[in-house]
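The file data21.txt comes next; it holds compact mmCIF, C-alpha atoms.
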```
# COMPACT_ATOMS: atom_id res chain seq x y z
CA MET I 1 -4.04 -19.61 13.29
CA GLU I 2 -3.93 -22.06 10.38
CA LEU I 3 -5.09 -20.39 7.18
CA LEU I 4 -4.53 -23.18 4.64
CA PRO I 5 -8.06 -24.64 5.07
CA PHE I 6 -9.50 -21.19 4.32
CA PHE I 7 -7.40 -20.86 1.17
CA GLU I 8 -8.37 -24.38 0.06
CA TRP I 9 -12.03 -23.48 0.60
CA ALA I 10 -11.63 -20.17 -1.27
CA GLU I 11 -10.29 -21.92 -4.36
CA THR I 12 -13.30 -24.23 -4.47
CA SER I 13 -15.80 -21.47 -3.71
CA PHE I 14 -18.04 -19.85 -6.33
CA LEU I 15 -15.61 -16.92 -6.72
CA GLY I 16 -12.67 -19.27 -7.18
CA TYR I 17 -14.64 -21.37 -9.68
CA ILE I 18 -15.58 -18.35 -11.80
CA GLY I 19 -12.02 -17.00 -11.78
CA LYS I 20 -10.47 -20.35 -12.74
CA THR I 21 -13.02 -21.31 -15.37
CA TYR I 22 -13.63 -18.06 -17.18
CA GLY I 23 -10.32 -16.44 -18.07
CA GLY I 24 -12.06 -13.51 -19.69
CA VAL I 25 -13.86 -12.66 -16.48
CA TYR I 26 -10.62 -12.98 -14.53
CA ALA I 27 -8.82 -10.71 -16.97
CA THR I 28 -11.48 -8.02 -17.29
CA PHE I 29 -13.25 -7.91 -13.93
CA GLY I 30 -10.19 -9.01 -12.04
CA GLN I 31 -6.90 -7.80 -13.36
CA SER I 32 -7.97 -4.79 -15.46
CA ILE I 33 -10.11 -3.17 -12.79
CA HIS I 34 -7.52 -4.07 -10.15
CA LEU I 35 -4.79 -2.32 -12.13
CA MET I 36 -6.90 0.73 -12.91
CA ALA I 37 -7.88 1.04 -9.25
CA LEU I 38 -4.22 0.66 -8.32
CA ALA I 39 -3.40 3.54 -10.64
CA VAL I 40 -6.04 5.73 -8.96
CA LEU I 41 -4.90 4.73 -5.49
CA GLY I 42 -1.24 5.24 -6.33
CA GLY I 43 -2.08 8.58 -7.91
CA SER I 44 -4.02 9.78 -4.88
CA VAL I 45 -1.20 8.71 -2.55
CA LEU I 46 1.48 10.36 -4.67
CA VAL I 47 -0.46 13.59 -5.17
CA THR I 48 -0.98 13.95 -1.43
CA ASP I 49 2.50 12.91 -0.37
CA LEU I 50 4.36 14.89 -3.02
CA ARG I 51 2.32 17.94 -2.01
CA LEU I 52 3.25 17.37 1.64
CA LEU I 53 6.87 17.13 0.53
CA GLY I 54 6.47 20.44 -1.26
CA VAL I 55 7.26 19.00 -4.69
CA ILE I 56 4.01 19.53 -6.59
CA MET I 57 0.95 21.82 -6.54
CA LYS I 58 2.63 24.24 -4.15
CA ASP I 59 0.02 26.87 -5.01
CA VAL I 60 -2.79 24.70 -3.65
CA PRO I 61 -3.29 24.35 0.13
CA SER I 62 -2.13 20.88 1.24
CA GLU I 63 -5.36 20.44 3.22
CA VAL I 64 -7.37 20.72 -0.03
CA VAL I 65 -5.09 18.28 -1.88
CA ALA I 66 -5.23 15.74 0.99
CA ASP I 67 -9.02 15.96 1.35
CA GLN I 68 -9.75 15.61 -2.35
CA ALA I 69 -7.23 12.83 -2.89
CA HIS I 70 -8.49 10.84 0.08
CA LYS I 71 -11.95 10.60 -1.47
CA TRP I 72 -10.50 8.84 -4.51
CA PHE I 73 -8.18 6.77 -2.32
CA ARG I 74 -11.18 5.25 -0.53
CA ILE I 75 -13.04 4.52 -3.76
CA ALA I 76 -9.95 2.93 -5.35
CA LEU I 77 -9.23 0.88 -2.23
CA GLY I 78 -12.74 -0.57 -2.34
CA PHE I 79 -12.29 -1.71 -5.94
CA ILE I 80 -8.79 -3.03 -5.21
CA LEU I 81 -9.96 -5.14 -2.28
CA ALA I 82 -12.96 -6.53 -4.15
CA THR I 83 -11.02 -7.46 -7.29
CA GLY I 84 -8.03 -8.66 -5.26
CA ILE I 85 -10.18 -11.10 -3.31
CA PHE I 86 -11.74 -12.33 -6.57
CA MET I 87 -8.33 -12.89 -8.21
CA ALA I 88 -6.76 -14.46 -5.13
CA ALA I 89 -9.67 -16.90 -4.78
CA ALA I 90 -8.95 -18.33 -8.23
CA VAL I 91 -5.35 -19.18 -7.32
CA ALA I 92 -5.70 -19.29 -3.55
CA GLN I 93 -3.51 -22.29 -2.78
CA ARG I 94 -0.72 -20.97 -4.97
CA MET I 95 -0.94 -17.63 -3.15
CA TYR I 96 -0.83 -19.34 0.23
CA TYR I 97 2.62 -20.76 -0.57
CA ASN I 98 3.93 -17.53 -2.14
CA ASP I 99 6.14 -15.38 0.14
CA PHE I 100 5.52 -12.24 -1.90
CA PHE I 101 1.77 -12.63 -1.50
CA TRP I 102 2.24 -12.54 2.27
CA ALA I 103 4.63 -9.61 1.99
CA LYS I 104 2.01 -7.75 -0.06
CA MET I 105 -0.75 -8.55 2.43
CA SER I 106 1.43 -7.38 5.32
CA ALA I 107 2.28 -4.13 3.53
CA LEU I 108 -1.40 -3.65 2.59
CA LEU I 109 -2.51 -4.13 6.18
CA VAL I 110 0.14 -1.71 7.44
CA GLY I 111 -0.83 0.76 4.73
CA ILE I 112 -4.54 0.64 5.50
CA ILE I 113 -4.01 1.00 9.25
CA PHE I 114 -1.49 3.79 8.70
CA VAL I 115 -3.86 5.75 6.46
CA PHE I 116 -7.08 5.39 8.46
CA ALA I 117 -5.68 5.38 12.01
CA ILE I 118 -2.81 7.83 11.69
CA LYS I 119 -2.36 9.77 8.46
CA ARG I 120 -5.97 10.76 7.81
CA PRO I 121 -6.73 11.84 11.42
CA LEU I 122 -3.46 13.79 11.42
CA LEU I 123 -4.15 15.55 8.13
CA LYS I 124 -7.83 16.32 8.75
CA GLY I 125 -7.12 19.53 10.65
CA SER I 126 -5.02 22.51 9.68
CA HIS I 127 -1.58 21.51 8.44
CA ALA I 128 -0.18 24.79 9.76
CA ASP I 129 -0.48 23.26 13.25
CA ILE I 130 1.79 20.38 12.28
CA GLN I 131 5.57 20.57 12.21
CA PRO I 132 6.78 20.56 8.57
CA TRP I 133 9.30 17.77 9.29
CA LEU I 134 6.47 15.56 10.58
CA LEU I 135 4.41 16.11 7.43
CA LYS I 136 7.41 15.13 5.32
CA LEU I 137 8.17 12.07 7.49
CA VAL I 138 4.58 10.84 7.17
CA ALA I 139 4.67 11.46 3.41
CA VAL I 140 7.86 9.42 2.97
CA ALA I 141 6.49 6.56 5.08
CA SER I 142 3.25 6.58 3.08
CA ILE I 143 5.05 6.49 -0.27
CA LEU I 144 7.27 3.65 0.96
CA VAL I 145 4.44 1.47 2.23
CA TRP I 146 2.29 1.82 -0.91
CA PHE I 147 5.32 1.33 -3.15
CA SER I 148 5.94 -1.90 -1.21
CA VAL I 149 2.35 -3.03 -1.80
CA ALA I 150 2.65 -2.38 -5.53
CA ALA I 151 6.14 -3.86 -5.91
CA THR I 152 5.46 -7.06 -3.97
CA GLY I 153 2.17 -7.39 -5.82
CA ARG I 154 3.95 -7.23 -9.15
CA TRP I 155 6.64 -9.56 -7.85
CA ILE I 156 3.97 -12.21 -7.23
CA GLY I 157 3.58 -12.44 -10.98
CA PHE I 158 7.27 -13.23 -11.42
CA SER I 159 7.64 -15.71 -8.57
CA MET H 1 3.46 29.12 14.18
CA THR H 2 4.69 25.54 14.58
CA ASP H 3 8.04 26.42 16.18
CA LYS H 4 7.74 25.65 19.89
CA LYS H 5 4.43 23.81 20.27
CA PRO H 6 4.88 20.35 21.82
CA LEU H 7 3.74 17.40 19.73
CA THR H 8 0.28 16.05 20.42
CA LEU H 9 -0.17 12.34 21.13
CA LEU H 10 -1.37 11.71 17.57
CA GLN H 11 1.65 13.53 16.16
CA LYS H 12 4.01 11.48 18.34
CA ILE H 13 2.33 8.26 17.19
CA ALA H 14 2.53 9.43 13.58
CA ALA H 15 6.23 10.17 13.91
CA ALA H 16 7.02 6.86 15.62
CA SER H 17 5.00 4.77 13.18
CA SER H 18 6.48 6.61 10.20
CA VAL H 19 10.01 5.93 11.44
CA ALA H 20 9.11 2.27 12.06
CA ILE H 21 7.71 1.94 8.54
CA ILE H 22 10.72 3.60 6.94
CA VAL H 23 13.25 1.51 8.90
CA SER H 24 11.35 -1.74 8.22
CA GLY H 25 11.03 -0.86 4.57
CA ILE H 26 14.74 -0.12 4.19
CA ILE H 27 15.65 -3.40 5.90
CA TYR H 28 13.15 -5.46 3.87
CA TRP H 29 14.09 -4.03 0.48
CA SER H 30 17.82 -4.25 1.28
CA PHE H 31 17.38 -7.99 1.87
CA GLN H 32 15.34 -8.35 -1.33
CA VAL H 33 17.91 -6.48 -3.46
CA GLN H 34 20.75 -8.50 -1.91
CA SER H 35 18.89 -11.74 -2.55
CA VAL H 36 18.32 -10.85 -6.22
CA MET H 37 21.98 -9.90 -6.63
CA GLU H 38 23.08 -13.25 -5.17
CA LEU H 39 20.67 -15.05 -7.49
CA LEU H 40 22.05 -13.20 -10.52
CA GLU H 41 25.62 -13.97 -9.43
CA MET H 42 24.75 -17.67 -9.14
CA ALA H 43 23.06 -17.66 -12.51
CA TYR H 44 25.56 -15.61 -14.49
CA GLY H 45 28.77 -15.75 -12.42
```
Whole structure given in structure tokens:
Amino acid sequence: MELLPFFEWAETSFLGYIGKTYGGVYATFGQSIHLMALAVLGGSVLVTDLRLLGVIMKDVPSEVVADQAHKWFRIALGFILATGIFMAAAVAQRMYYNDFFWAKMSALLVGIIFVFAIKRPLLKGSHADIQPWLLKLVAVASILVWFSVAATGRWIGFS
Amino acid sequence: MTDKKPLTLLQKIAAASSVAIIVSGIIYWSFQVQSVMELLEMAYG
């Protein structure tokens, strides 16, 4: 499926026009909110996964930590997707030709599917019914995939 | 409590996908680190 025409359209769309023309809007509504949402998302992922690994908040049941953190994960993800689309539209053609953009999108897709199709359904019930090694394996995979999203995202800025 | 119970289908899928993610991640970042090291060697000798 050829995506270049979509990226060319995105850059000339209203979103792309606003992002390119008004740097202040791009910086405040785009980058700042994107980074703050990334901090919340990264925090919710780390809190859950480090608890599953038995590193932090050992006095709090892991089910409670996972449930509470997931709420904030969903909110942060919504903001990240909205601001990410806005920012990408402004520089769409440049993103199309950037390998790290595609690496980030791949990691993001894997991360979203992993969380909503596997991790969340797994962690919804009692964690006592789950083998401890499986909880730790899922936690490590989750940390790795979201680290990859963040790192490739930052790498876009240097490529 | 969790000693001898067989894994459910979801748990098996979670284990397999986690291993796949970890292996892919290690391979990808190994290539990236190697590529940066080669670039630095070319640039600075």
Chain H contacts on chain I, all atoms listed in the file, 12 Å, as a PyMOL selection string: chain I and resi 99-100+103+106-107+110-111+113-149+151-152+155+159
Quick one, how far is atom CA of Val64 of chain I from atom CA of Asp49 of chain I?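 A separation of 12.6 Å between them.
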Please report the interatomic distance between atom CA of His70 of chain I and atom CA of Leu53 of chain I in Å with one decimal.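 Result for atom CA of His70 of chain I versus atom CA of Leu53 of chain I: 16.6 Å, one decimal.
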From atom CA of Ala10 of chain I to atom CA of Ser32 of chain I the spacing works out at 21.2 Å
Quick one: of I:Ala89, I:Ala27, I:Ala66, I:Leu41, who's nearest to Ala150 of chain I, counting all atoms listed in the file? I:Leu41
Around all listed atoms of segment 40-56 of chain I, padded 6 Å per side, what centre and edge lengths does the axis-aligned box have in Å to one decimal, as AutoDock Vina command-line options?
```
--center_x 0.6 --center_y 12.6 --center_z -3.7 --size_x 25.3 --size_y 27.7 --size_z 22.6
```
